[in-house]
Amino acid sequence: MGFGIGISGTGMGPRGALENFAEGEDGRGKVFNPQVVVRLLAYLRPYVRQMSFAFLAMLVVTGLTLLMPYLLKVVVDDKIATGDRNGLLWLCAGLAAAYGGLYLATALQQYWLSWVGQRVLANLRSDLFQHLQRLSLGYHDTHIVGVTVSRVMNDVATINELLSQGVITLVGDVLVLVGIVVIMLTMSPRLALLTFVVIPLMVLATLWFSSRARQAFRETRTRVARVVGELAEDIAGVRVIQAFGQEDNAQERFDEVNRANRQVNIEAMSLSFIFLPMIEFLGMLATAIVLWFGGRAVGAGEVTLGVLVAFLSYVTRFFQPVQELSRLYTTMQSAMAGGEQVLKLLDTPPQVQDAPDAQEMPPIRGEIVFENVSFRYRPELPEVLRGVDLHIQPGQTVALVGATGAGKTSIANLIARFYDVSDGRVCVDGVDVRTVTQRSLRRQIGIVPQDAFLFSGTIADNIRFGCLQASDEAVQRAAELANAHAFIVAKPEGYQTRIQEGASNLSVGQRQLLCIARAILADPRVLILDEATANVDSLTESMIQDALRTLLQGRTAVVIAHRLSTIRNADLICVVENGQIVEQGQHEALLARGGAYAALYRRQFGGDAT
Ligand SMILES: Nc1ncnc2c1ncn2[C@@H]1O[C@H](COP(=O)(O)OP(=O)(O)OP(=O)(O)O)[C@@H](O)[C@H]1O
Ligand SMILES: [Mg+2]
């Protein structure tokens with residue numbers, strides 16, 4: 001059972017799922033998907049004002065970028081050539097002002113874009129979180145935590161990069177490019193056309209880079225997902241790894257994926273190392289062309305020196321937007337892939353939904369009835385419950401017993417409607433659980449799970465989880481009833497002791513006592529208790545038994561029982577075998593019958609029939 005630590009039990013191996021995730025993300029690789037873009041753009045809608053500020057700033061940046069080389073021409077031709085010192089001074093001041101304006105406008109543009117970007121990011125994450133909370137257990141069963149987390153963090157970040165930065169950068173870069181081309185053509189068509197000879201080369205280089213980069217970045221994403229998967233699993237399972245002395249093995253496995261990741265990253269980066277100098281080289285080539293032909297044209301009096309200077313300046317500015325656009329192209333690809341995944345997640349309907357006319361569940365008395373219930377976890381999976389009939393009176397304690405995998409937890413899951421039955425119905429107080437809101441139903445049902453889950457926070461916070469408005473006295477009272485008070489106050493910080501990740505600073509028995517205290521405080525009418533099988537010392541065991549007795553008193557309880565004491569004290573014992581209830585009754589009667597229960601009892605507790 002030690003192997004159960006971590007992410008097992010998801011029905012799908014974590015690596016398998018991670019690979020699916022990576023491939024699912026990259027399989028399409030569409031560069032532009034209008035549907036995705038339109039839906040994501042909706043996130044910008046509340047910030048139209050700020051986006052227009054950014055847009056205006058961008059227009060100023062573009063205008064000044066285009067204006068400055070022209071000012072150089074005026075300086076050279078009209079002021080220097082004519083010796084107009086006064087005008088020269090003014091123009092130089094004008095140039096300096098234009099530079100200042102350029103930096104200011106750039107800063108403002110970045111400020112507004114980040115302002116909007118961070119809000120879009122937070123909103124999208126909040127929507128995802130809200131949706132994840134609503135998704136039924138059926139979703140979470142089949143999806144790995146790490147992958148879901150990566151959706152909410154990484155994918156959303158790439159989308160944001162495209163949404164906030166991308167749109168404006170795209171327009172700005174295109175404007176600058178077109179502007180430069182037009183101005184150069186007007187100044188000197190011949191020199192402009194000669195300079196543009198490098199453009200086809202640039203386009204070719206960019207296309208080559210983009211297609212290679214697409215493959216390379218796709219590969220890196222897959223590899224990163226593998227490293228993350230390996231890391232998450234090994235850290236979650238570090239106890240098992242250490243216990244079995246498998247550190248070297250794990251290290252080797254990790255090094256392998258790590259190496260592969262390093263390799264593809266280096267390859268992807270070398271592409272940039274080749275591409276960027278290539279663009280730079282083409283820029284120098286264009287400069288050389290301008291100098292050679294321009295120089296001769298100046299000599300021949302065809303163009304002025306100012307035009308040559310302006311050309312040199314325009315040419316260097318021409319290549320920055322080109323680089324930016326090719327970068328944007330790769331951003332767009334990952335944003336599209338991420339966007340599709342995020343929208344798919346947002347569009348996943350919860351399997352269990354409130355009926356349109358769902359009522360609030362009235363205060364529960366505690367009668368639970370299963371009528372001929374059949375159930376499967378997913379349509380393609382076999383039935384795990386078949387024809388289950390069960391009648392629990394208010395206030396009764398029912399013990400579910402049976403071999404592992406028999407279907408006990410599944411029965412419990414149906415009472416709180418974590419899943420919907422495939423056939424038959426489950427009623428609480430005669431009300432079909434599908435006709436009331438999930439929230440009003442679950443609020444009245446307490447669940448003590450098998451693996452006592454505690455959140456990071458203090459001990460008091462964790463007990464109070466079941467009833468947030470409870471006073472400190474009520475928390476302490478619940479802890480006393482659960483026999484947890486003594487060990488809590490023995491800790492230096494008492495109720496304010498912070499719980500470490502995985503509750504590792506508490507013993508297994510202490511965790512169980514805290515969960516019982518939490519349930520006592522919540523005081524639900526119906527209690528579902530998945531008894532932990534962990535071995536604890538006999539003193540803790542008797543404290544837990546005692547606490548359980550307090551907890552079960554006066555409420556309807558369905559206990560997936562492993563303790564003999566719980567089973568014997570139950571009002572009704574149901575033996576679950578292969579998805580069916582094969583025997584019901586009380587301890588003595590069932591033993592006397594000598595059927596399934598008697599056999600189970602002998603196997604499990606080795607006792608003779610007493
Ligand atoms: N989330 C799930 N998705 C798909 N199949 C599941 C899921 N949970 C349980 N099963 C399957 O349903 C069957 C019944 O499982 P269930 O958890 O109800 O058994 P159990 O009686 O509680 O066992 P245990 O005593 O080991 O907890 C098993 O065959 C199990 O593999
Ligand atoms: Mg179970």
# chains A, B, ... in the order shown; residues from 1 in each chain; ligands from 1
>>> residues_near_ligand(ligand="ligand 1", cutoff="10 Å", atoms="only C-alpha atoms and all ligand atoms", output="ChimeraX atom specification")
/A:9-12,137-142,375-378,380-385,400-413,419,450,530-533,560-562,576-579
>>> atom_distance(atom1="atom CA of Pro379 of chain A", atom2="atom CA of Leu132 of chain A")
21.5 Å
>>> closest_residue(among="A:Phe311, A:Phe418, A:Phe55, A:Phe465", to="Leu193 of chain A", atoms="only C-alpha atoms")
A:Phe311
>>> residues_around(residues="Leu414 of chain A", least_positions_apart="6", cutoff="8 Å", atoms="only C-alpha atoms", output="ChimeraX atom specification")
/A:420-421,426
>>> write_last_selection(atoms="C-alpha atoms", output="PDB file, in the first residue's frame")
ATOM      1  CA  ASP A 420     -24.924  10.553 -10.693  1.00  0.00           C
ATOM      2  CA  VAL A 421     -26.374   7.065 -10.704  1.00  0.00           C
ATOM      3  CA  VAL A 426     -30.828   7.733  -4.353  1.00  0.00           C
TER       4      VAL A 426
END
>>> residues_around(residues="segment 160-177 of chain A", least_positions_apart="2", cutoff="6 Å", atoms="only C-alpha atoms", output="VMD selection string")
chain A and resid 62 113 117 157 to 158 179 to 180 321
>>> closest_residue(among="A:Val76, A:Leu529, A:Ile279, A:Leu454", to="ligand 2", atoms="only C-alpha atoms and all ligand atoms")
A:Leu529
>>> select_by_dssp(residues="segment 188-382 of chain A", states="helix (DSSP H, G or I)", output="PyMOL selection string")
chain A and resi 189-195+198-236+238-243+247-299+305-347
>>> closest_residue(among="A:Cys515, A:Asp451, A:Tyr329, A:Ala599", to="ligand 2", atoms="only C-alpha atoms and all ligand atoms")
A:Asp451
>>> residues_around(residues="Val475 of chain A", least_positions_apart="5", cutoff="9 Å", atoms="only C-alpha atoms", output="PyMOL selection string")
chain A and resi 460+463-464+470+480+517-518+521
>>> closest_residue(among="A:Leu441, A:Leu506, A:Ala205, A:Val388", to="Gln580 of chain A", atoms="only C-alpha atoms")
A:Val388
>>> select_by_dssp(residues="segment 371-496 of chain A", states="strand (DSSP E)", output="PyMOL selection string")
chain A and resi 371-375+385-392+397-401+423-428+431-432+445-448+457-458
>>> atom_distance(atom1="atom CA of Asp155 of chain A", atom2="atom CA of Gly339 of chain A")
6.9 Å
